[in-house]
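A short write-up of the structure that comes next.
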Amino acid sequence: MLVLALAFNPFVDPFPGAPENIAALLWAIIALPLAGAFLCGVLGRFMGRANTNFVACATVAGSFLLSVCAVWAVGSQATQYTSPASGAPVRWALWLDLGRWFAAGDFSVHYGLTVDRLTAAILLVVTGIGFLIHLYSTEYMEHDEGYWRYFAYLNLFVAMMLTLVLADNLVLLFVGWEGVGLCSYLLIGFWYQDTEKAWAGRKAFIANRIGDFAFIIGMILLVLLLGATEKMGRETALGRTNFTDIGRARAWLTSLHDQGPLNVEVLREWATRIPPEGPRTRSGMNLSTTISTEGPLQGKTFGHVLTAALLLMLLGAAGKSAQIPLYVWLPDAMAGPTPVSALIHAATMVTAGVYLFCRLSFLLVLSPTAMAWVAMIGALTAVWAALIAFAQDDIKKVLAYSTVSQLGFMFIAVGTGVFWAAALHLVTHACFKACLFLGAGSVMHGNGDETDVYKLGGLRKEMPWTWATFGIATLAITGIVPLSGFFSKDAILHGAHGTELHGIPWVGHTVYWIGLFGALCTAFYMTRLYVLTFEGKRAADARVPHAHESGFRMVFVLVFLAFLSVVGVIWGLPDAFPGPAGEKVALMEGYLAPAMILADREASLYETVKHLHDAGIPWGAYILAWAVAVVGGAAAWLVYRSWLPSRGGKPLPAPIALFWRWARHKFYVDEVYDLLIIRPFTLLSKGLYKVVDGGIIDGVGVGGTALVLKRAGAWLRYTQTGNAQNYATVMAVALLVSIGVVLTWVLL
Amino acid sequence: MEGITLQHYLFLAALLFSLGVFGVLVRRNALVVFMCVELMLNASNLTFLAFARDSGMDVGHLPALFVIAVAAAEAAIGLAVIIAVFRSRGTVNVDDIRTMRL
């Protein structure tokens, strides 16, 4: 913990070692869990349970230690590298280029890894919480035969997530992006003998694939966009005057071909070149310039193409991060083992979309339209999922919808340009949501895998450690003052409230109020979940008469995560630490400032995103947010502790009952998707199968050929008599005819 | 002798060859078929010799001698085959000896 606090504090002593040595070892952060996955997967069955547990935990722990070193290193300004795209130094960051992966024509991709302040925060979450969940899993999976498969997948997941986080270009990031999707699929369907669970895995994979496809198209648009920039710069001879510094321009063109257009540094340098509107550039090229080069983009403006690319990436992020319209897979993903839900479907993988937008923050702030979409999608998802969570009885389903909802909050932050708040909420959410999920796992472990909250109840006495940690995490997510969730959520809401997107000023206020309502809902359904699970009397139809508390390894992890949920508050305390410009900011804001510097500069220079900050701490907003949390929680407490029991089984008032039924059925979204998309698609597939495959290919193609040959053979069979004289006759006649033909030919 | 020209020889050879072919195709007795093959060979011999005589090139005799040698060898083997077939099947009728089709 000391290490964590130090690592997040940019003002501690500089890293004692040489940063280059750490940079040279970045590959090992990924390679360790990858090797662990190999060992567990190939040899796990022969190594035995204890050895497999050891290998799986040790590799992630090693990865964590290396990450801590890397994070420590980027805590100091002395850690810097020369940007390949501009030749300027990039401070507070490490970079390792492992050479070219592939090149196709002008397009090139490197194996490049980088750690900046943003990566650092996520890196600690992935490896740190990843390690804790591995440790927890060793006990949780102690009765499962497939332990070696489980740990192989889990290690592979960590390796893939680290690839996603460390990649310095979007193509390598996409490898991780797909890899975590694969591991998610494998782990959701871990108990594949159960058809329903196997289908849940498939659903997750397909929903993710839809998003990934959009992501690919978005990347292609970016490649075309940078290509068009280069060509237009050359054709109009503005490429040189465009850049005040010719050397820098050359460096960009060189790196565009060497590192490839999807390298983040190359994109960053591109973003500095393309202002939204005219006067500030000497080149005349800006986002409203029409693209004149031949190709699919001809006639569109740079800005439109950029917005399209970002919106496609939003769809990709919506798939991975379970936002509207692709969120439906996440609740079903709870079919997997609970630690998997905690690691993949709460703490790390589902935040990949948020991470992507933080990574590309400098592109996002160039397009207020895209930002508005991100914010609105996030806000709607936050409320929508929270409302569904009201009426779910499965403890893991409630937490799943809660995750969807919290991810919506992060999208709000991203969409309103408070990227540091998104990252802060990502980190704190990872702590308390992992704690909640693992708490739910502990509850299931001690109650014969019971997940229905109405069949639990009264666990407070029977599982004191689980109760205490779950309670703390509930308070944290609800947003009670001294816990981390309050400040991270409020950083988002406060940031959104004070944000004006250029041309769309109403978005900030709108998402603020929607978000506040979402916070109210969060407090309600989380308190409901807590009350039904831990308070009251033990349910009469409980699966086991007495629950048992989990063992040391599980409890230790729970306590540690609860502890993090509390102390995480230090990262979000407003105006507590000096920022880059000397003003007082939250620790996380100051910490991430170097990574967000370009986005902030663009936002203020081009006025695409205006942050209207009042000086000082916004006490009014805080009291409102706190009141909202308390009211929501108290309402749930009253409803489930006194109002509902006092009614004694009388039916609910009609409007509430109606809402309850709809929420219980998830507002029939799955059914609507089934009707609108899946049914027609299945019908089309069936039609194609019957007509094209069955009729044309199988019938006419394969069957037809066979039929013709069969008929021809039946007729020709009569000529095979076996009589040598018949054959000789045919030969003689044929010879005569040939001679006749030739003679006729010659003579005539 | 004066009236007999190359054309006469060739005509005779063609006649003999056609007889041979006809015999090979229609006769059922293997021995007769065999004799008809000999007839065709000799018809071709006659052609060679006629041309050799007409052109005065003695080298034209060579193929004829060669064919006679081959025919002798063929007669030896062919008759042996026919006898063997007769011994094993009791007939030399080619309609009854159909081993090229099951």
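Identifiers for the structure tokens are assigned positionally: chains receive A, B, ... in sequence, residues are indexed from 1 per chain, and ligands are indexed from 1 in the order shown.
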
- Query: Would you give me, as a PyMOL selection string, the residues in segment 313-436 of chain A that DSSP reads as helix (DSSP H, G or I)?
  - Reply: chain A and resi 313-320+329-335+338-347+349-359+361-364+368-389+395-415+419-436

With C-alpha atoms kept, could you save the residues just selected as a compact mmCIF listing (two decimals), in the first residue's frame?
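Output file result18.txt is given in full below:
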# COMPACT_ATOMS: atom_id res chain seq x y z
CA MET A 313 -14.91 3.86 -31.87
CA LEU A 314 -17.72 4.79 -29.51
CA LEU A 315 -19.67 1.82 -30.82
CA GLY A 316 -16.57 -0.33 -30.32
CA ALA A 317 -16.20 1.00 -26.79
CA ALA A 318 -19.91 0.45 -26.18
CA GLY A 319 -19.41 -3.20 -27.06
CA LYS A 320 -16.43 -3.68 -24.78
CA TRP A 329 -24.09 -9.16 -22.87
CA LEU A 330 -22.68 -8.06 -19.51
CA PRO A 331 -25.50 -9.22 -17.20
CA ASP A 332 -25.48 -12.60 -18.92
CA ALA A 333 -21.71 -12.74 -18.51
CA MET A 334 -22.34 -13.42 -14.83
CA ALA A 335 -22.55 -17.08 -15.85
CA THR A 338 -17.44 -14.94 -9.70
CA PRO A 339 -13.76 -13.91 -9.50
CA VAL A 340 -13.89 -13.63 -13.28
CA SER A 341 -16.87 -11.33 -12.99
CA ALA A 342 -14.87 -9.26 -10.54
CA LEU A 343 -11.71 -9.05 -12.63
CA ILE A 344 -12.98 -8.98 -16.20
CA HIS A 345 -16.54 -7.78 -15.97
CA ALA A 346 -16.07 -5.14 -13.31
CA ALA A 347 -12.50 -4.00 -12.74
CA MET A 349 -11.79 -5.39 -19.33
CA VAL A 350 -15.03 -3.45 -19.35
CA THR A 351 -13.11 -0.27 -18.65
CA ALA A 352 -11.18 -0.71 -21.89
CA GLY A 353 -13.57 1.62 -23.71
CA VAL A 354 -12.99 4.35 -21.14
CA TYR A 355 -9.25 3.79 -21.36
CA LEU A 356 -9.38 4.01 -25.16
CA PHE A 357 -11.07 7.41 -25.06
CA CYS A 358 -8.70 8.69 -22.39
CA ARG A 359 -5.84 7.51 -24.57
CA SER A 361 -8.44 12.31 -25.53
CA PHE A 362 -6.55 14.66 -27.85
CA LEU A 363 -8.67 13.46 -30.79
CA LEU A 364 -11.90 13.46 -28.86
CA PRO A 368 -17.60 18.23 -29.67
CA THR A 369 -20.23 16.23 -31.57
CA ALA A 370 -18.52 12.95 -30.75
CA MET A 371 -18.07 14.06 -27.15
CA ALA A 372 -21.74 14.88 -26.83
CA TRP A 373 -22.61 11.42 -28.12
CA VAL A 374 -20.25 9.78 -25.66
CA ALA A 375 -21.66 11.79 -22.76
CA MET A 376 -25.28 11.18 -23.68
CA ILE A 377 -24.76 7.46 -24.23
CA GLY A 378 -23.00 7.28 -20.88
CA ALA A 379 -25.73 9.22 -19.07
CA LEU A 380 -28.54 7.18 -20.57
CA THR A 381 -26.75 3.92 -19.81
CA ALA A 382 -26.09 5.02 -16.25
CA VAL A 383 -29.77 5.55 -15.53
CA TRP A 384 -31.13 2.75 -17.70
CA ALA A 385 -28.97 0.06 -16.11
CA ALA A 386 -29.63 1.43 -12.64
CA LEU A 387 -33.39 1.19 -13.19
CA ILE A 388 -33.07 -2.42 -14.32
CA ALA A 389 -30.97 -3.17 -11.24
CA ILE A 395 -27.00 -10.79 -6.45
CA LYS A 396 -24.55 -10.95 -9.34
CA LYS A 397 -27.04 -9.53 -11.84
CA VAL A 398 -27.56 -6.47 -9.64
CA LEU A 399 -23.82 -5.95 -9.48
CA ALA A 400 -23.56 -6.45 -13.24
CA TYR A 401 -26.14 -3.75 -13.96
CA SER A 402 -24.41 -1.62 -11.38
CA THR A 403 -21.19 -2.03 -13.35
CA VAL A 404 -22.93 -1.03 -16.57
CA SER A 405 -24.30 1.99 -14.77
CA GLN A 406 -20.94 3.01 -13.29
CA LEU A 407 -19.27 2.62 -16.68
CA GLY A 408 -21.93 5.02 -17.90
CA PHE A 409 -20.64 7.53 -15.36
CA MET A 410 -17.12 7.10 -16.73
CA PHE A 411 -18.44 7.74 -20.23
CA ILE A 412 -20.09 10.90 -18.96
CA ALA A 413 -16.70 12.04 -17.70
CA VAL A 414 -15.00 11.21 -20.98
CA GLY A 415 -17.73 12.87 -22.99
CA PHE A 419 -10.70 12.63 -18.44
CA TRP A 420 -8.95 12.54 -15.09
CA ALA A 421 -12.27 12.01 -13.36
CA ALA A 422 -13.02 9.11 -15.70
CA ALA A 423 -9.68 7.53 -14.83
CA LEU A 424 -10.21 8.23 -11.14
CA HIS A 425 -13.63 6.62 -11.15
CA LEU A 426 -12.16 3.74 -13.12
CA VAL A 427 -9.61 3.14 -10.38
CA THR A 428 -11.93 3.58 -7.39
CA HIS A 429 -14.68 1.61 -9.11
CA ALA A 430 -12.22 -1.20 -9.77
CA CYS A 431 -11.50 -1.34 -6.02
CA PHE A 432 -15.01 -1.23 -4.62
CA LYS A 433 -16.71 -3.17 -7.39
CA ALA A 434 -14.11 -5.93 -7.20
CA CYS A 435 -14.73 -5.95 -3.45
CA LEU A 436 -18.50 -6.20 -4.03

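Residues lying within 10 Å of segment 55-59 of chain B, counting only C-alpha atoms and ignoring same-chain neighbours fewer than 6 positions away, are Leu6, Phe48 and Leu49 of chain B.
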
Output file for the residues above (C-alpha atoms, as a PDB file, in the first residue's frame):
ATOM      1  CA  LEU B   6       2.261 -51.420-109.229  1.00  0.00           C
ATOM      2  CA  PHE B  48       6.457 -53.139 -99.135  1.00  0.00           C
ATOM      3  CA  LEU B  49       7.818 -55.448-101.782  1.00  0.00           C
TER       4      LEU B  49
END

* **Residue hits in chain A, query chain B, radius 7 Å, only C-alpha atoms, as a PyMOL selection string** => chain A and resi 721-723+725+728-729

File dump, residues just selected, C-alpha atoms, as a PDB file, in the first residue's frame:
ATOM      1  CA  THR A 721     -19.076 -55.692 -73.859  1.00  0.00           C
ATOM      2  CA  GLY A 722     -15.798 -57.330 -72.953  1.00  0.00           C
ATOM      3  CA  ASN A 723     -15.653 -58.737 -76.481  1.00  0.00           C
ATOM      4  CA  GLN A 725     -13.848 -58.106 -81.570  1.00  0.00           C
ATOM      5  CA  ALA A 728     -11.565 -53.966 -82.704  1.00  0.00           C
ATOM      6  CA  THR A 729     -14.593 -53.191 -84.863  1.00  0.00           C
TER       7      THR A 729
END

### Query
Counting only C-alpha atoms, what is within 10 Å of Asp490 of chain A, bar same-chain residues fewer than 2 positions away, as a list in words?
Ala421, His425, Gly479, Gly485, Phe486, Phe487, Ser488, Ile492, Leu493, His494, Gly495, Ala496, Gly515, Leu516, Ala519, Gly572, Pro574, Ala621, Tyr622, Ala625 and Trp626 of chain A

Those selected residues, please, written with all heavy atoms and delivered as a short mmCIF file (atom, residue, chain, number, x, y, z; two decimals), in the first residue's frame.
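That gives us again_20.cif:
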data_model
loop_
_atom_site.label_atom_id
_atom_site.label_comp_id
_atom_site.auth_asym_id
_atom_site.auth_seq_id
_atom_site.Cartn_x
_atom_site.Cartn_y
_atom_site.Cartn_z
N ALA A 421 -11.21 12.54 -14.21
CA ALA A 421 -12.27 12.01 -13.36
C ALA A 421 -12.69 10.62 -13.83
O ALA A 421 -12.99 9.74 -13.02
CB ALA A 421 -13.47 12.95 -13.37
N HIS A 425 -12.49 7.49 -11.44
CA HIS A 425 -13.63 6.62 -11.15
C HIS A 425 -13.33 5.19 -11.58
O HIS A 425 -13.76 4.25 -10.94
CB HIS A 425 -14.88 7.15 -11.85
CG HIS A 425 -16.14 6.60 -11.27
ND1 HIS A 425 -16.47 6.71 -9.94
CD2 HIS A 425 -17.17 5.90 -11.82
CE1 HIS A 425 -17.63 6.12 -9.70
NE2 HIS A 425 -18.07 5.61 -10.83
N GLY A 479 -21.70 6.50 -2.51
CA GLY A 479 -21.21 7.87 -2.49
C GLY A 479 -21.42 8.53 -1.15
O GLY A 479 -21.92 9.64 -1.05
N GLY A 485 -15.75 6.46 -3.44
CA GLY A 485 -16.76 6.62 -4.48
C GLY A 485 -17.37 8.00 -4.52
O GLY A 485 -17.74 8.50 -5.58
N PHE A 486 -17.47 8.64 -3.37
CA PHE A 486 -18.10 9.95 -3.35
C PHE A 486 -17.32 10.94 -4.20
O PHE A 486 -17.87 11.62 -5.07
CB PHE A 486 -18.18 10.47 -1.92
CG PHE A 486 -18.71 11.87 -1.83
CD1 PHE A 486 -20.07 12.10 -1.93
CD2 PHE A 486 -17.86 12.95 -1.69
CE1 PHE A 486 -20.58 13.39 -1.88
CE2 PHE A 486 -18.35 14.24 -1.65
CZ PHE A 486 -19.71 14.46 -1.74
N PHE A 487 -16.01 11.00 -3.98
CA PHE A 487 -15.24 12.03 -4.67
C PHE A 487 -15.05 11.70 -6.15
O PHE A 487 -15.01 12.59 -6.98
CB PHE A 487 -13.89 12.24 -3.97
CG PHE A 487 -14.04 12.95 -2.69
CD1 PHE A 487 -13.87 12.28 -1.49
CD2 PHE A 487 -14.39 14.28 -2.66
CE1 PHE A 487 -14.04 12.94 -0.29
CE2 PHE A 487 -14.56 14.95 -1.46
CZ PHE A 487 -14.38 14.28 -0.28
N SER A 488 -14.93 10.39 -6.46
CA SER A 488 -14.74 10.09 -7.88
C SER A 488 -16.03 10.35 -8.65
O SER A 488 -16.01 10.92 -9.75
CB SER A 488 -14.27 8.65 -8.06
OG SER A 488 -15.22 7.75 -7.58
N ILE A 492 -16.85 13.55 -11.47
CA ILE A 492 -17.49 13.42 -12.77
C ILE A 492 -18.66 14.37 -12.89
O ILE A 492 -18.76 15.16 -13.84
CB ILE A 492 -17.96 11.97 -12.99
CG1 ILE A 492 -16.77 11.04 -13.13
CG2 ILE A 492 -18.87 11.88 -14.20
CD1 ILE A 492 -17.13 9.59 -13.18
N LEU A 493 -19.56 14.32 -11.90
CA LEU A 493 -20.78 15.12 -12.01
C LEU A 493 -20.45 16.61 -11.97
O LEU A 493 -20.99 17.40 -12.76
CB LEU A 493 -21.74 14.75 -10.87
CG LEU A 493 -22.30 13.33 -10.99
CD1 LEU A 493 -23.19 13.02 -9.81
CD2 LEU A 493 -23.06 13.18 -12.29
N HIS A 494 -19.54 16.97 -11.08
CA HIS A 494 -19.15 18.37 -10.99
C HIS A 494 -18.50 18.83 -12.29
O HIS A 494 -18.80 19.90 -12.82
CB HIS A 494 -18.19 18.56 -9.82
CG HIS A 494 -17.73 19.95 -9.65
ND1 HIS A 494 -18.61 21.00 -9.45
CD2 HIS A 494 -16.49 20.50 -9.68
CE1 HIS A 494 -17.93 22.12 -9.34
NE2 HIS A 494 -16.65 21.85 -9.48
N GLY A 495 -17.60 17.96 -12.83
CA GLY A 495 -16.94 18.30 -14.09
C GLY A 495 -17.94 18.44 -15.22
O GLY A 495 -17.88 19.37 -16.02
N ALA A 496 -18.91 17.53 -15.25
CA ALA A 496 -19.90 17.58 -16.33
C ALA A 496 -20.75 18.84 -16.21
O ALA A 496 -21.07 19.49 -17.21
CB ALA A 496 -20.78 16.34 -16.29
N GLY A 515 -27.15 12.25 -14.52
CA GLY A 515 -26.17 11.54 -13.69
C GLY A 515 -26.55 11.58 -12.23
O GLY A 515 -26.41 10.59 -11.50
N LEU A 516 -27.06 12.74 -11.79
CA LEU A 516 -27.46 12.85 -10.39
C LEU A 516 -28.60 11.88 -10.08
O LEU A 516 -28.62 11.22 -9.04
CB LEU A 516 -27.90 14.30 -10.10
CG LEU A 516 -27.69 14.78 -8.67
CD1 LEU A 516 -26.24 14.67 -8.27
CD2 LEU A 516 -28.18 16.20 -8.53
N ALA A 519 -27.18 8.58 -9.73
CA ALA A 519 -26.56 8.39 -8.41
C ALA A 519 -27.61 8.04 -7.37
O ALA A 519 -27.39 7.19 -6.50
CB ALA A 519 -25.81 9.65 -8.01
N GLY A 572 -8.88 11.38 -4.81
CA GLY A 572 -9.95 12.23 -5.31
C GLY A 572 -10.23 13.45 -4.46
O GLY A 572 -11.07 14.26 -4.81
N PRO A 574 -10.64 16.88 -3.34
CA PRO A 574 -10.53 18.06 -4.20
C PRO A 574 -9.60 19.11 -3.61
O PRO A 574 -9.54 19.29 -2.39
CB PRO A 574 -11.97 18.57 -4.25
CG PRO A 574 -12.61 18.05 -3.03
CD PRO A 574 -11.94 16.77 -2.69
N ALA A 621 -22.71 21.82 -4.31
CA ALA A 621 -22.82 20.60 -5.13
C ALA A 621 -22.53 19.38 -4.29
O ALA A 621 -23.18 18.33 -4.45
CB ALA A 621 -21.86 20.69 -6.31
N TYR A 622 -21.57 19.49 -3.39
CA TYR A 622 -21.21 18.34 -2.56
C TYR A 622 -22.35 17.95 -1.66
O TYR A 622 -22.68 16.77 -1.49
CB TYR A 622 -19.97 18.66 -1.72
CG TYR A 622 -18.70 18.48 -2.50
CD1 TYR A 622 -17.51 18.99 -2.05
CD2 TYR A 622 -18.72 17.80 -3.72
CE1 TYR A 622 -16.35 18.83 -2.77
CE2 TYR A 622 -17.57 17.65 -4.45
CZ TYR A 622 -16.38 18.16 -3.97
OH TYR A 622 -15.26 18.00 -4.69
N ALA A 625 -25.01 16.26 -3.67
CA ALA A 625 -24.64 14.88 -4.04
C ALA A 625 -24.74 13.96 -2.84
O ALA A 625 -25.23 12.83 -2.92
CB ALA A 625 -23.23 14.86 -4.61
N TRP A 626 -24.28 14.49 -1.70
CA TRP A 626 -24.31 13.66 -0.49
C TRP A 626 -25.75 13.39 -0.08
O TRP A 626 -26.12 12.27 0.26
CB TRP A 626 -23.55 14.38 0.63
CG TRP A 626 -23.38 13.55 1.83
CD1 TRP A 626 -22.53 12.50 1.98
CD2 TRP A 626 -24.09 13.68 3.06
NE1 TRP A 626 -22.66 11.97 3.23
CE2 TRP A 626 -23.61 12.67 3.91
CE3 TRP A 626 -25.08 14.54 3.52
CZ2 TRP A 626 -24.09 12.51 5.21
CZ3 TRP A 626 -25.56 14.38 4.81
CH2 TRP A 626 -25.06 13.37 5.64
#

Worksheet item: Hey, what's within 12 Å of Val85 of chain B if we count only C-alpha atoms and toss same-chain stuff fewer than 3 positions away? As a ChimeraX atom specification, please?
Response: /B:30-31,78-82,88-94,96-99

Of B:Ala69, B:Asn29, B:Val37, B:Asp54, the one nearest to Phe86 of chain B when counting only C-alpha atoms is B:Asn29

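Nearest residue to Gly20 of chain B among B:Leu39, B:Ala84, B:Ile4, B:Leu62 is B:Leu39, counting only C-alpha atoms.
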
From atom CA of Gln392 of chain A to atom CA of Ser646 of chain A the spacing works out at 21.4 Å

Within 12 Å of segment 47-57 of chain A, which residues of segment 156-225 of chain A come that close, and what is the closest atom pair and distance in Å for each? Count only C-alpha atoms and give it as a Markdown table.
| residue | atom | partner | partner_atom | distance |
| --- | --- | --- | --- | --- |
| A:Leu156 | CA | A:Ala56 | CA | 9.9 |
| A:Phe157 | CA | A:Ala56 | CA | 11.5 |
| A:Val158 | CA | A:Ala56 | CA | 10.4 |
| A:Ala159 | CA | A:Ala56 | CA | 11.6 |

For Trp101 of chain A, the closest of A:Glu607, A:Gly620, A:Gly260, A:Gly694 counting only C-alpha atoms is A:Gly260

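Of the residues under consideration (B:Leu41, B:Leu46, B:Ala75, B:Ala52), B:Leu46 shows the shortest atom-to-atom contact distance to His8 of chain B when counting only C-alpha atoms.
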
Across B:Met35, B:Ile77, B:Met40, B:Ile68, the smallest distance to Phe17 of chain B, with only C-alpha atoms counted, is shown by B:Met40

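The interatomic distance for the pair atom CA of Leu222 of chain A and atom CA of Val305 of chain A works out to 8.1 Å.
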